[in-house]
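Participant: A single structure is presented below for examination.
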Amino acid sequence: INGINVHKYGAHIFHTSNKYIWDYVNQFTEFNNYVNSPIANYNGSLYNLPFNMNTFNKIWPDVITPEEAKKRIESEKKELNGKRPSNLEEQAISLVGRSIYEKLIKGYTEKQWGKDCKDLPNFIIKRLPVRYTFDNNYFNDRYQGIPIGGYTRIIERMLEGIDVKLNCDFIKN
């Protein structure tokens, strides 16, 4: 839409650092050169995701270095008083502090899950990257992209010439 790739159910980016796997899937289709570098729109201001130095500086303009970002986050984490996070809200605060939690996590997460962040398990947010660099790439993997023609085409090509049996007992057949 207007030059922006829009995925109805969210982008599904294939990513790996394993060259063997990358070469294997590329025999079935061509991948575009997609690098996942999402942004969040909060009240008309844009913020880089994953959370990185660009995000920290936009939230806290006086924060310029990784050391300053870590110090600010550590300061905001003090509200937990060393408590081990037991829900998503506490886990998010332990990762990035209250300011970022309130602006970029709370509303989105509660809308997505239909529940208060205090009622969600802490593990949900643990996989969210936090980087003290200016890298906006969501993944650390060397290879990433979205298959041109979609994932269905990859599966169709993988299965060409192979008998596929449905609704049968794998052990008996």
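Ordered as shown in the structure tokens, chains take letters A, B, and onward, while each chain numbers its residues from 1 and ligands are numbered from 1 in the order shown.
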Give the helix (DSSP H, G or I) residues of region 57-129 of chain A, as DSSP finds them on the backbone, and put them as a compact mmCIF listing (two decimals) with N, CA, C and O atoms, in the first residue's frame.
Facilitator:
# COMPACT_ATOMS: atom_id res chain seq x y z
N ASN A 57 17.56 7.48 22.66
CA ASN A 57 17.81 8.90 22.46
C ASN A 57 16.52 9.66 22.15
O ASN A 57 16.34 10.80 22.57
N LYS A 58 15.59 9.03 21.45
CA LYS A 58 14.32 9.69 21.14
C LYS A 58 13.47 9.85 22.40
O LYS A 58 12.82 10.87 22.60
N ILE A 59 13.50 8.85 23.27
CA ILE A 59 12.74 8.92 24.53
C ILE A 59 13.42 9.87 25.51
O ILE A 59 12.76 10.66 26.18
N PRO A 66 25.78 4.31 25.00
CA PRO A 66 25.24 3.09 25.61
C PRO A 66 25.32 3.13 27.14
O PRO A 66 24.39 2.67 27.82
N GLU A 67 26.39 3.68 27.67
CA GLU A 67 26.54 3.75 29.12
C GLU A 67 25.43 4.61 29.74
O GLU A 67 24.88 4.26 30.79
N GLU A 68 25.10 5.72 29.08
CA GLU A 68 24.03 6.59 29.57
C GLU A 68 22.67 5.89 29.50
O GLU A 68 21.84 6.03 30.40
N ALA A 69 22.45 5.13 28.44
CA ALA A 69 21.19 4.39 28.30
C ALA A 69 21.08 3.33 29.39
O ALA A 69 20.02 3.20 30.03
N LYS A 70 22.14 2.59 29.61
CA LYS A 70 22.13 1.56 30.66
C LYS A 70 21.88 2.19 32.02
O LYS A 70 21.11 1.65 32.84
N LYS A 71 22.51 3.32 32.28
CA LYS A 71 22.34 4.01 33.55
C LYS A 71 20.89 4.46 33.74
O LYS A 71 20.31 4.30 34.82
N ARG A 72 20.28 5.01 32.69
CA ARG A 72 18.89 5.46 32.77
C ARG A 72 17.96 4.29 33.03
O ARG A 72 17.05 4.35 33.87
N ILE A 73 18.17 3.20 32.30
CA ILE A 73 17.32 2.02 32.48
C ILE A 73 17.50 1.47 33.89
O ILE A 73 16.52 1.12 34.56
N GLU A 74 18.72 1.36 34.34
CA GLU A 74 18.99 0.88 35.71
C GLU A 74 18.27 1.75 36.73
O GLU A 74 17.71 1.24 37.70
N SER A 75 18.27 3.05 36.52
CA SER A 75 17.60 3.98 37.43
C SER A 75 16.10 3.70 37.47
O SER A 75 15.48 3.68 38.54
N GLU A 76 15.51 3.47 36.31
CA GLU A 76 14.07 3.22 36.24
C GLU A 76 13.70 1.83 36.76
O GLU A 76 12.58 1.62 37.22
N LYS A 77 14.62 0.89 36.68
CA LYS A 77 14.38 -0.47 37.18
C LYS A 77 14.32 -0.52 38.70
O LYS A 77 13.79 -1.47 39.27
N LYS A 78 14.85 0.49 39.36
CA LYS A 78 14.92 0.49 40.82
C LYS A 78 13.55 0.36 41.47
O LYS A 78 13.44 -0.10 42.59
N GLU A 79 12.51 0.75 40.76
CA GLU A 79 11.16 0.64 41.33
C GLU A 79 10.79 -0.81 41.66
O GLU A 79 9.92 -1.06 42.48
N LEU A 80 11.47 -1.75 41.02
CA LEU A 80 11.20 -3.17 41.29
C LEU A 80 11.87 -3.64 42.58
O LEU A 80 11.58 -4.74 43.05
N LEU A 88 4.31 -9.60 32.82
CA LEU A 88 4.88 -8.90 31.67
C LEU A 88 5.29 -7.47 32.01
O LEU A 88 6.34 -7.01 31.59
N GLU A 89 4.46 -6.78 32.77
CA GLU A 89 4.81 -5.40 33.12
C GLU A 89 6.15 -5.33 33.85
O GLU A 89 7.03 -4.54 33.49
N GLU A 90 6.32 -6.14 34.86
CA GLU A 90 7.56 -6.13 35.63
C GLU A 90 8.75 -6.57 34.77
O GLU A 90 9.84 -5.99 34.87
N GLN A 91 8.54 -7.53 33.89
CA GLN A 91 9.62 -7.99 33.02
C GLN A 91 10.03 -6.88 32.06
O GLN A 91 11.21 -6.65 31.83
N ALA A 92 9.06 -6.18 31.50
CA ALA A 92 9.35 -5.08 30.58
C ALA A 92 10.12 -3.96 31.29
O ALA A 92 11.10 -3.44 30.75
N ILE A 93 9.69 -3.63 32.48
CA ILE A 93 10.40 -2.59 33.25
C ILE A 93 11.82 -3.03 33.56
O ILE A 93 12.75 -2.23 33.48
N SER A 94 12.00 -4.32 33.83
CA SER A 94 13.35 -4.81 34.12
C SER A 94 14.24 -4.80 32.88
O SER A 94 15.46 -4.74 32.98
N LEU A 95 13.63 -4.83 31.69
CA LEU A 95 14.40 -4.80 30.44
C LEU A 95 14.73 -3.38 29.98
O LEU A 95 15.86 -3.12 29.58
N VAL A 96 13.72 -2.48 30.01
CA VAL A 96 13.90 -1.15 29.41
C VAL A 96 13.42 0.01 30.26
O VAL A 96 13.46 1.15 29.81
N GLY A 97 12.95 -0.24 31.46
CA GLY A 97 12.49 0.84 32.32
C GLY A 97 11.04 1.22 32.10
O GLY A 97 10.40 0.79 31.14
N ARG A 98 10.52 2.03 33.00
CA ARG A 98 9.10 2.42 32.97
C ARG A 98 8.76 3.32 31.78
O ARG A 98 7.72 3.15 31.16
N SER A 99 9.63 4.27 31.43
CA SER A 99 9.31 5.22 30.34
C SER A 99 9.01 4.50 29.04
O SER A 99 8.00 4.78 28.38
N ILE A 100 9.89 3.60 28.66
CA ILE A 100 9.70 2.86 27.40
C ILE A 100 8.53 1.90 27.52
O ILE A 100 7.73 1.75 26.59
N TYR A 101 8.41 1.26 28.68
CA TYR A 101 7.27 0.37 28.90
C TYR A 101 5.95 1.12 28.67
O TYR A 101 5.09 0.65 27.94
N GLU A 102 5.80 2.28 29.29
CA GLU A 102 4.55 3.04 29.19
C GLU A 102 4.27 3.50 27.77
O GLU A 102 3.14 3.43 27.30
N LYS A 103 5.30 3.95 27.06
CA LYS A 103 5.09 4.49 25.70
C LYS A 103 4.97 3.40 24.64
O LYS A 103 4.13 3.50 23.75
N LEU A 104 5.83 2.41 24.69
CA LEU A 104 5.96 1.51 23.54
C LEU A 104 5.56 0.06 23.78
O LEU A 104 5.55 -0.72 22.83
N ILE A 105 5.26 -0.31 25.01
CA ILE A 105 4.91 -1.71 25.27
C ILE A 105 3.49 -1.87 25.79
O ILE A 105 2.70 -2.65 25.26
N LYS A 106 3.14 -1.14 26.81
CA LYS A 106 1.88 -1.33 27.54
C LYS A 106 0.64 -1.32 26.63
O LYS A 106 -0.09 -2.30 26.56
N GLY A 107 0.40 -0.22 25.94
CA GLY A 107 -0.81 -0.11 25.12
C GLY A 107 -0.88 -1.13 24.01
O GLY A 107 -1.91 -1.78 23.80
N TYR A 108 0.23 -1.29 23.30
CA TYR A 108 0.27 -2.25 22.19
C TYR A 108 0.02 -3.67 22.70
O TYR A 108 -0.78 -4.42 22.13
N THR A 109 0.70 -4.04 23.78
CA THR A 109 0.58 -5.40 24.30
C THR A 109 -0.82 -5.68 24.82
O THR A 109 -1.38 -6.75 24.56
N GLU A 110 -1.39 -4.73 25.53
CA GLU A 110 -2.74 -4.95 26.07
C GLU A 110 -3.77 -5.03 24.95
O GLU A 110 -4.71 -5.83 25.03
N LYS A 111 -3.58 -4.26 23.89
CA LYS A 111 -4.48 -4.37 22.74
C LYS A 111 -4.31 -5.72 22.05
O LYS A 111 -5.28 -6.38 21.68
N GLN A 112 -3.05 -6.15 21.88
CA GLN A 112 -2.77 -7.42 21.21
C GLN A 112 -3.34 -8.60 21.98
O GLN A 112 -3.93 -9.50 21.39
N TRP A 113 -3.17 -8.63 23.29
CA TRP A 113 -3.56 -9.79 24.09
C TRP A 113 -4.94 -9.64 24.72
O TRP A 113 -5.49 -10.62 25.24
N CYS A 117 -1.28 -5.92 31.23
CA CYS A 117 0.09 -6.47 31.25
C CYS A 117 0.42 -7.15 32.58
O CYS A 117 1.25 -8.07 32.62
N LYS A 118 -0.22 -6.72 33.65
CA LYS A 118 0.01 -7.34 34.96
C LYS A 118 -0.56 -8.76 35.02
O LYS A 118 -0.21 -9.54 35.89
N ASP A 119 -1.47 -9.07 34.09
CA ASP A 119 -2.10 -10.38 34.05
C ASP A 119 -1.50 -11.30 33.00
O ASP A 119 -2.01 -12.39 32.76
N PHE A 123 7.29 -14.27 30.41
CA PHE A 123 8.09 -14.83 29.31
C PHE A 123 7.75 -14.23 27.95
O PHE A 123 8.56 -14.26 27.04
N ILE A 124 6.55 -13.66 27.81
CA ILE A 124 6.12 -13.13 26.52
C ILE A 124 7.08 -12.06 26.01
O ILE A 124 7.37 -11.98 24.83
N ILE A 125 7.59 -11.23 26.88
CA ILE A 125 8.42 -10.09 26.49
C ILE A 125 9.91 -10.42 26.49
O ILE A 125 10.72 -9.66 25.98
N LYS A 126 10.29 -11.56 27.02
CA LYS A 126 11.72 -11.88 27.16
C LYS A 126 12.46 -11.96 25.83
O LYS A 126 13.65 -11.72 25.77
Participant: Which residues of region 68-168 of chain A have any atom within 12 Å of an atom in region 20-26 of chain A when counting only C-alpha atoms, and what is the closest pair of atoms for each, with the distance in Å to one decimal? Order the rows by chain and rising number and write it as CSV.
Facilitator:
residue,atom,partner,partner_atom,distance
A:Asp141,CA,A:Trp22,CA,10.8
A:Arg142,CA,A:Trp22,CA,9.6
A:Tyr143,CA,A:Trp22,CA,6.9
A:Gln144,CA,A:Trp22,CA,8.5
A:Gly145,CA,A:Trp22,CA,10.1
A:Ile146,CA,A:Asn26,CA,10.9
A:Pro147,CA,A:Asn26,CA,8.7
A:Ile148,CA,A:Asn26,CA,10.5
A:Tyr151,CA,A:Val25,CA,10.4
A:Arg153,CA,A:Val25,CA,11.2
A:Ile154,CA,A:Val25,CA,7.6
A:Ile155,CA,A:Val25,CA,9.8
A:Arg157,CA,A:Val25,CA,10.1
A:Met158,CA,A:Val25,CA,9.0
Participant: What would the file look like if the residues just selected were written as a CSV table (one decimal), in the first residue's frame with all heavy atoms?
Facilitator:
chain,number,residue,atom,x,y,z
A,141,ASP,N,20.5,-12.5,12.7
A,141,ASP,CA,20.9,-13.5,11.7
A,141,ASP,C,21.4,-12.9,10.4
A,141,ASP,O,21.0,-11.8,10.0
A,141,ASP,CB,19.7,-14.4,11.3
A,141,ASP,CG,19.2,-15.3,12.5
A,141,ASP,OD1,20.1,-15.9,13.1
A,141,ASP,OD2,18.0,-15.3,12.8
A,142,ARG,N,22.4,-13.6,9.9
A,142,ARG,CA,23.1,-13.1,8.6
A,142,ARG,C,22.2,-13.1,7.4
A,142,ARG,O,22.2,-12.2,6.6
A,142,ARG,CB,24.3,-14.0,8.4
A,142,ARG,CG,25.1,-13.5,7.2
A,142,ARG,CD,26.4,-14.3,7.0
A,142,ARG,NE,27.1,-13.8,5.9
A,142,ARG,CZ,28.1,-14.4,5.4
A,142,ARG,NH1,28.6,-15.4,6.0
A,142,ARG,NH2,28.7,-13.9,4.3
A,143,TYR,N,21.3,-14.1,7.3
A,143,TYR,CA,20.4,-14.2,6.2
A,143,TYR,C,19.0,-14.0,6.6
A,143,TYR,O,18.5,-14.5,7.6
A,143,TYR,CB,20.5,-15.6,5.5
A,143,TYR,CG,22.0,-16.0,5.3
A,143,TYR,CD1,22.6,-16.9,6.1
A,143,TYR,CD2,22.7,-15.5,4.2
A,143,TYR,CE1,23.9,-17.3,5.8
A,143,TYR,CE2,24.0,-15.9,3.9
A,143,TYR,CZ,24.6,-16.8,4.8
A,143,TYR,OH,25.9,-17.1,4.5
A,144,GLN,N,18.3,-13.1,5.8
A,144,GLN,CA,16.9,-13.0,6.1
A,144,GLN,C,16.2,-12.4,4.9
A,144,GLN,O,16.8,-11.8,4.0
A,144,GLN,CB,16.6,-12.0,7.3
A,144,GLN,CG,17.2,-10.6,7.2
A,144,GLN,CD,17.0,-9.9,8.5
A,144,GLN,OE1,15.8,-9.6,8.9
A,144,GLN,NE2,18.1,-9.4,9.1
A,145,GLY,N,14.9,-12.7,4.8
A,145,GLY,CA,14.1,-12.3,3.7
A,145,GLY,C,12.7,-12.9,3.7
A,145,GLY,O,12.4,-13.7,4.6
A,146,ILE,N,11.9,-12.4,2.8
A,146,ILE,CA,10.6,-13.0,2.6
A,146,ILE,C,10.5,-13.6,1.2
A,146,ILE,O,11.0,-13.0,0.2
A,146,ILE,CB,9.5,-11.8,2.7
A,146,ILE,CG1,9.6,-11.2,4.1
A,146,ILE,CG2,8.1,-12.4,2.4
A,146,ILE,CD1,8.7,-10.0,4.2
A,147,PRO,N,10.0,-14.9,1.1
A,147,PRO,CA,10.1,-15.6,-0.1
A,147,PRO,C,9.2,-14.9,-1.2
A,147,PRO,O,8.0,-14.6,-0.9
A,147,PRO,CB,9.5,-17.0,0.2
A,147,PRO,CG,8.8,-16.8,1.5
A,147,PRO,CD,9.4,-15.6,2.2
A,148,ILE,N,9.7,-14.6,-2.3
A,148,ILE,CA,9.0,-14.0,-3.4
A,148,ILE,C,8.0,-15.1,-3.9
A,148,ILE,O,8.4,-16.2,-4.2
A,148,ILE,CB,9.9,-13.6,-4.6
A,148,ILE,CG1,10.8,-12.4,-4.1
A,148,ILE,CG2,9.1,-13.2,-5.8
A,148,ILE,CD1,11.9,-12.1,-5.0
A,151,TYR,N,5.2,-18.4,1.1
A,151,TYR,CA,5.7,-19.7,1.6
A,151,TYR,C,5.0,-20.9,1.0
A,151,TYR,O,5.5,-22.0,0.9
A,151,TYR,CB,5.4,-19.7,3.2
A,151,TYR,CG,6.5,-18.8,3.9
A,151,TYR,CD1,6.2,-17.5,4.2
A,151,TYR,CD2,7.7,-19.3,4.2
A,151,TYR,CE1,7.1,-16.7,4.8
A,151,TYR,CE2,8.6,-18.5,4.8
A,151,TYR,CZ,8.3,-17.2,5.2
A,151,TYR,OH,9.3,-16.4,5.8
A,153,ARG,N,4.4,-21.4,-2.1
A,153,ARG,CA,5.2,-21.8,-3.2
A,153,ARG,C,6.4,-22.7,-2.8
A,153,ARG,O,6.8,-23.6,-3.5
A,153,ARG,CB,5.6,-20.6,-4.0
A,153,ARG,CG,6.3,-20.9,-5.3
A,153,ARG,CD,5.3,-21.5,-6.3
A,153,ARG,NE,6.0,-22.0,-7.5
A,153,ARG,CZ,5.9,-23.3,-7.9
A,153,ARG,NH1,5.0,-24.1,-7.4
A,153,ARG,NH2,6.6,-23.6,-9.0
A,154,ILE,N,7.1,-22.3,-1.7
A,154,ILE,CA,8.2,-23.1,-1.2
A,154,ILE,C,7.8,-24.5,-0.9
A,154,ILE,O,8.4,-25.5,-1.3
A,154,ILE,CB,8.8,-22.5,0.1
A,154,ILE,CG1,9.5,-21.2,-0.3
A,154,ILE,CG2,9.8,-23.4,0.7
A,154,ILE,CD1,10.0,-20.5,1.0
A,155,ILE,N,6.7,-24.6,-0.2
A,155,ILE,CA,6.2,-26.0,0.2
A,155,ILE,C,5.8,-26.8,-1.0
A,155,ILE,O,6.1,-28.0,-1.1
A,155,ILE,CB,5.0,-25.9,1.2
A,155,ILE,CG1,5.4,-25.1,2.5
A,155,ILE,CG2,4.5,-27.2,1.6
A,155,ILE,CD1,6.7,-25.7,3.2
A,157,ARG,N,7.0,-26.6,-4.0
A,157,ARG,CA,8.2,-27.0,-4.7
A,157,ARG,C,8.9,-28.1,-3.9
A,157,ARG,O,9.5,-29.0,-4.5
A,157,ARG,CB,9.1,-25.8,-5.0
A,157,ARG,CG,8.6,-24.9,-6.1
A,157,ARG,CD,9.5,-23.9,-6.5
A,157,ARG,NE,9.0,-23.1,-7.6
A,157,ARG,CZ,9.5,-22.0,-8.1
A,157,ARG,NH1,10.5,-21.4,-7.4
A,157,ARG,NH2,9.0,-21.4,-9.1
A,158,MET,N,8.9,-28.0,-2.6
A,158,MET,CA,9.5,-29.0,-1.8
A,158,MET,C,8.8,-30.4,-2.0
A,158,MET,O,9.5,-31.4,-1.9
A,158,MET,CB,9.5,-28.7,-0.3
A,158,MET,CG,10.4,-27.6,0.1
A,158,MET,SD,10.2,-27.2,1.9
A,158,MET,CE,11.8,-26.7,2.3
Participant: So how many Å separate CA of Phe14 (chain A) and CA of Asn137 (chain A), to one decimal?
Facilitator: 13.6 Å
Participant: Give me, please, the distance in Å between CA of Ala11 (chain A) and CA of Asn36 (chain A), quoted to one decimal.
Facilitator: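 Straight-line distance from CA of Ala11 (chain A) to CA of Asn36 (chain A) works out to 8.7 Å.
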Participant: What is the distance, in Å and to one decimal place, between CA of Pro50 (chain A) and CA of Asn81 (chain A)?
Facilitator: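 Distance reported for this atom pair: 25.9 Å.
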Participant: Looking at A:His12, A:Lys19, A:Asn52, A:Ser37, which one is nearest to Phe139 (chain A), with distances taken over only C-alpha atoms?
Facilitator: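 Using only C-alpha atoms, Phe139 (chain A) sits closest to A:Ser37.
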Participant: Going by DSSP on the backbone, which residues of region 17-127 of chain A come out as strand (DSSP E)? List them as a PyMOL selection string.
Facilitator: chain A and resi 39-42+45-48
Participant: Which polymer residues have any atom within 9 Å of an atom of Asn48 (chain A), counting only C-alpha atoms, with same-chain residues fewer than 4 positions away left out, as number ranges by chain?
Facilitator: A: 37-40, 52-55, 58, 136
Participant: Have a look at A:Leu49, A:Pro61, A:Cys168, A:Tyr138 and name the one nearest to Tyr34 (chain A); count only C-alpha atoms.
Facilitator: A:Tyr138
Participant: Kindly indicate which residue among A:Arg127, A:Asn140, A:Asp62, A:Gly149 lies nearest to His15 (chain A), using only C-alpha atoms for the distances.
Facilitator: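 Result for the nearest residue to His15 (chain A): A:Asn140.
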Participant: Choose the residue, out of A:Leu166, A:Glu160, A:Gly82, A:Phe56, that has the smallest atom-to-atom separation from Arg131 (chain A); count only C-alpha atoms.
Facilitator: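 Among the listed residues, the smallest separation from Arg131 (chain A) belongs to A:Phe56.
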